Structures are given as C-alpha cells and as structure tokens.
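Colleague: My structure file entry-v8.cif, mmCIF, C-alpha atoms, is below:
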```cif
data_work
#
loop_
_atom_site.group_PDB
_atom_site.id
_atom_site.type_symbol
_atom_site.label_atom_id
_atom_site.label_comp_id
_atom_site.auth_asym_id
_atom_site.auth_seq_id
_atom_site.Cartn_x
_atom_site.Cartn_y
_atom_site.Cartn_z
ATOM 1 C CA MET A 1123 -33.817 -27.778 -48.561
ATOM 2 C CA LYS A 1124 -36.870 -28.899 -46.635
ATOM 3 C CA TRP A 1125 -38.167 -32.384 -47.286
ATOM 4 C CA ASN A 1126 -41.967 -32.779 -47.303
ATOM 5 C CA ASP A 1127 -43.748 -36.076 -46.903
ATOM 6 C CA PRO A 1128 -47.427 -35.880 -47.875
ATOM 7 C CA ILE A 1129 -48.361 -38.697 -45.490
ATOM 8 C CA VAL A 1130 -46.678 -36.981 -42.542
ATOM 9 C CA GLU A 1131 -48.371 -33.708 -43.472
ATOM 10 C CA GLU A 1132 -51.770 -35.435 -43.619
ATOM 11 C CA VAL A 1133 -51.229 -37.076 -40.221
ATOM 12 C CA ARG A 1134 -50.226 -33.747 -38.672
ATOM 13 C CA ALA A 1135 -53.213 -31.948 -40.197
ATOM 14 C CA THR A 1136 -55.556 -34.665 -38.947
ATOM 15 C CA ARG A 1137 -54.051 -34.455 -35.454
ATOM 16 C CA GLU A 1138 -54.563 -30.695 -35.393
ATOM 17 C CA ARG A 1139 -58.151 -31.037 -36.646
ATOM 18 C CA LEU A 1140 -59.019 -33.655 -34.009
ATOM 19 C CA LEU A 1141 -57.513 -31.552 -31.220
ATOM 20 C CA ARG A 1142 -59.295 -28.425 -32.449
ATOM 21 C CA GLU A 1143 -62.657 -30.236 -32.719
ATOM 22 C CA ALA A 1144 -62.291 -31.660 -29.212
ATOM 23 C CA GLY A 1145 -61.280 -28.333 -27.691
ATOM 24 C CA GLY A 1146 -57.611 -29.075 -27.022
ATOM 25 C CA PHE A 1147 -55.377 -31.904 -25.922
ATOM 26 C CA GLU A 1148 -56.862 -32.465 -22.463
ATOM 27 C CA ALA A 1149 -60.395 -32.473 -23.875
ATOM 28 C CA TYR A 1150 -59.337 -34.950 -26.569
ATOM 29 C CA ILE A 1151 -57.858 -37.317 -23.974
ATOM 30 C CA LYS A 1152 -61.047 -37.037 -21.903
ATOM 31 C CA LYS A 1153 -63.084 -37.872 -25.024
ATOM 32 C CA LEU A 1154 -60.932 -40.950 -25.718
ATOM 33 C CA ARG A 1155 -61.278 -42.189 -22.141
ATOM 34 C CA THR A 1156 -65.044 -41.735 -22.296
ATOM 35 C CA GLN A 1157 -65.167 -43.743 -25.527
ATOM 36 C CA GLU A 1158 -63.082 -46.490 -23.907
ATOM 37 C CA LEU A 1159 -65.618 -46.757 -21.085
ATOM 38 C CA GLU A 1160 -68.553 -46.757 -23.528
ATOM 39 C CA HIS A 1161 -67.017 -49.443 -25.769
ATOM 40 C CA PRO A 1162 -64.801 -51.764 -23.676
ATOM 41 C CA GLN A 1163 -65.240 -54.575 -26.215
ATOM 42 C CA ARG A 1164 -63.129 -52.575 -28.680
ATOM 43 C CA LEU A 1165 -60.066 -52.536 -26.422
ATOM 44 C CA LEU A 1166 -57.297 -55.114 -26.635
ATOM 45 C CA SER A 1167 -55.057 -56.301 -23.829
ATOM 46 C CA LYS A 1168 -51.452 -57.439 -24.206
ATOM 47 C CA ASP A 1169 -52.692 -61.035 -24.024
ATOM 48 C CA ASP A 1170 -55.152 -60.331 -26.850
ATOM 49 C CA LEU A 1171 -52.305 -59.124 -29.026
ATOM 50 C CA LYS A 1172 -50.342 -62.322 -28.424
ATOM 51 C CA SER A 1173 -53.155 -64.446 -29.846
ATOM 52 C CA LYS A 1174 -54.493 -63.722 -33.329
ATOM 53 C CA GLU A 1175 -57.710 -65.630 -32.592
ATOM 54 C CA SER A 1176 -58.676 -63.190 -29.847
ATOM 55 C CA ILE A 1177 -58.483 -60.089 -32.026
ATOM 56 C CA PRO A 1178 -62.052 -59.126 -32.939
ATOM 57 C CA SER A 1179 -63.029 -58.657 -36.533
ATOM 58 C CA ARG A 1180 -63.889 -55.131 -37.666
ATOM 59 C CA ASP A 1181 -66.961 -56.636 -39.345
ATOM 60 C CA ASN A 1182 -68.708 -57.103 -35.980
#
```
Let me see the structure of the file written as structure tokens.
Modeller:
Amino acid sequence: MKWNDPIVEEVRATRERLLREAGGFEAYIKKLRTQELEHPQRLLSKDDLKSKESIPSRDN
C-alpha cells in the first residue's frame, strides 16, 4: 500500500514546475544566484540567524 501525503505531493509538484519554468536545474540555480546578487539585503548570514534582532521583517 502506497502512502500519499498531500503536502509532499504539493512540494514535489511545485519543485517540478519551478524547474520546468526555469529551463532545468542548472538554469534554476543560475536564476537563484542572479536574484541573490540583485537583492543582497534579503540574504542572512549565520551570525544573522543567531540574533533575532538582525532578521529583517518581511514587511519591509
């Protein structure tokens, strides 16, 4: 008997959609790296994660 988890299925479907839209895995990684360079303020370092005060609000 196969066990199905709707959340896992949704995550897998979303992953496949994102990869397909980007043109494959390598293209998706390239897209993510480009976004990181365009929006460095959205990235967190290990030190940021240690301090709650340094985590930016999503409202900004």
Colleague: Hey, can you check how far atom CA of Leu1141 of chain A sits from atom CA of Leu1154 of chain A?
Modeller: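 These atoms are spaced 11.4 Å apart.
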Colleague: Would you compute the distance between atom CA of Arg1164 of chain A and atom CA of Thr1136 of chain A? Give it in Å to one decimal.
Modeller: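 Interatomic distance here is 22.0 Å.
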Colleague: Just the number, please: distance in Å from atom CA of Glu1138 of chain A to atom CA of Lys1153 of chain A, one decimal.
Modeller: 15.2 Å
